[in-house]
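Student: Handing you a structure now.
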Amino acid sequence: MAHLKSGDQAPGFTLTGQEDNTVQLADFKGQKLLLYFYPRAETPGCTKQACQIRDARSELAELGVAAVGISPDKPADQKRFDERFGLGFPLLSDPDHVAAQAYGAWGEKSMYGKTSMGIIRSAFLMDENGKVLNAWYKVKPDETVPLVRQALGSDS
């Protein structure tokens, strides 16, 4: 799958959120969006990443940025993850990897010498019209918020 780059139009999606609600990319028109793909709720790296985004929510809001996480987890698992860590932002279920494939965040991974298909931890910053400002593939869990800050020129 080809990687997205700055200037590309972000692929649309319609996915189910942790409240069993339908969420679309179009719902965020008029505001910047940090969209990130993570492998699995409540794993150490995914928890670290989500909590860092949670802790930066007010700063991101001041910068006009909404946050959304996407993983293959079921909505009930996303809800439990949200409630356990008080995340407070949409977590979307992509069990068939349709959105992940469209964003180039689904692919071959290697761990402990074994190769498998899975989520490639990735983050995307989009402008108010759904154009990609930045795309970060193989992002480390603790790098997501600093990269967004850097991209937006915020030193906080």
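By order in the structure tokens, chains are A, B, ...; within a chain, residues start at 1; ligands start at 1, following the order shown.
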Find the spatial neighbours of Gln49 (chain A), counting only C-alpha atoms, within a cut-off of 8 Å - ignore same-chain residues fewer than 5 positions away - and output them as a count of residues only.

Tutor: 3

Student: Could you give me, as a count of residues only, the residues within 12 Å of Lys74 (chain A), counting only C-alpha atoms and dropping anything in the same chain fewer than 5 positions from it?

Tutor: 17

Student: Any chance you could list, as a list in words, the residues in region 102-156 of chain A that come up alpha helix (DSSP H) when DSSP is run on the backbone?

Tutor: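 Listing alpha helix (DSSP H) positions across region 102-156 of chain A yields Ala102, Thr144, Val145, Pro146, Leu147, Val148, Arg149, Gln150, Ala151 and Leu152 of chain A.
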
Student: Store the residues picked out above, limited to C-alpha atoms, as a PDB file, in the first residue's frame.

Tutor:
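Result file part_3.pdb:
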```pdb
ATOM      1  CA  ALA A 102      -6.368   3.219   2.721  1.00  0.00           C
ATOM      2  CA  THR A 144       3.085  11.301  18.381  1.00  0.00           C
ATOM      3  CA  VAL A 145       2.321  14.464  20.368  1.00  0.00           C
ATOM      4  CA  PRO A 146       5.847  15.953  20.039  1.00  0.00           C
ATOM      5  CA  LEU A 147       5.658  15.469  16.259  1.00  0.00           C
ATOM      6  CA  VAL A 148       2.293  17.257  16.113  1.00  0.00           C
ATOM      7  CA  ARG A 149       3.652  20.081  18.264  1.00  0.00           C
ATOM      8  CA  GLN A 150       6.648  20.410  15.976  1.00  0.00           C
ATOM      9  CA  ALA A 151       4.486  20.348  12.838  1.00  0.00           C
ATOM     10  CA  LEU A 152       2.267  23.116  14.212  1.00  0.00           C
TER      11      LEU A 152
END
```

Student: My list of candidates is A:Ala135, A:Leu87, A:Gly30, A:Ala100. Which is closest to Arg57 (chain A) when distances are computed with only C-alpha atoms?

Tutor: A:Leu87

Student: What is the CA of Leu60 (chain A)-CA of Leu34 (chain A) distance in Å, reported with one decimal?

Tutor: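 These two atoms are separated by 9.0 Å.
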
Student: Could you work out how far CA of Lys138 (chain A) lies from CA of Ser110 (chain A), giving the answer in Å with one decimal?

Tutor: 12.2 Å

Student: Neighbours of region 117-126 of chain A within 7 Å (only C-alpha atoms; same-chain residues fewer than 4 positions away dropped), as a ChimeraX atom specification?

Tutor: /A:32-39,105-109,130-139,144

Student: Could you tell me which of A:Thr14, A:Ser116, A:Ser71, A:Gln78 comes closest to Ala26 (chain A) if we count only C-alpha atoms?

Tutor: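 Among the listed residues, the smallest separation from Ala26 (chain A) belongs to A:Thr14.
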
Student: Mind listing the strand (DSSP E) residues of chain A, per DSSP on the backbone, as a ChimeraX atom specification?

Tutor: /A:14-17,22-24,32-37,65-71,91-93,106-111,114-119,122-126,132-137

Student: Do you know which residues are at most 9 Å from Gly88 (chain A) counting only C-alpha atoms, after dropping those on the same chain fewer than 5 positions away, and could you put them as a list in words?

Tutor: Arg54, Arg57, Asp82 and Glu83 of chain A

Student: Those selected residues, please, written with N, CA and C atoms and delivered as a PDB file, in the first residue's frame.

Tutor:
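Just written: out_12.pdb:
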```pdb
ATOM      1  N   ARG A  54      -4.236  11.890  25.372  1.00  0.00           N
ATOM      2  CA  ARG A  54      -5.215  12.339  26.386  1.00  0.00           C
ATOM      3  C   ARG A  54      -4.658  13.525  27.175  1.00  0.00           C
ATOM      4  N   ARG A  57      -4.750  16.823  25.267  1.00  0.00           N
ATOM      5  CA  ARG A  57      -6.012  17.210  24.616  1.00  0.00           C
ATOM      6  C   ARG A  57      -6.311  18.702  24.697  1.00  0.00           C
ATOM      7  N   ASP A  82     -11.116   3.238  26.702  1.00  0.00           N
ATOM      8  CA  ASP A  82     -11.428   4.641  26.958  1.00  0.00           C
ATOM      9  C   ASP A  82     -11.780   4.847  28.429  1.00  0.00           C
ATOM     10  N   GLU A  83     -12.660   4.013  28.961  1.00  0.00           N
ATOM     11  CA  GLU A  83     -13.107   4.175  30.346  1.00  0.00           C
ATOM     12  C   GLU A  83     -11.985   3.913  31.340  1.00  0.00           C
TER      13      GLU A  83
END
```
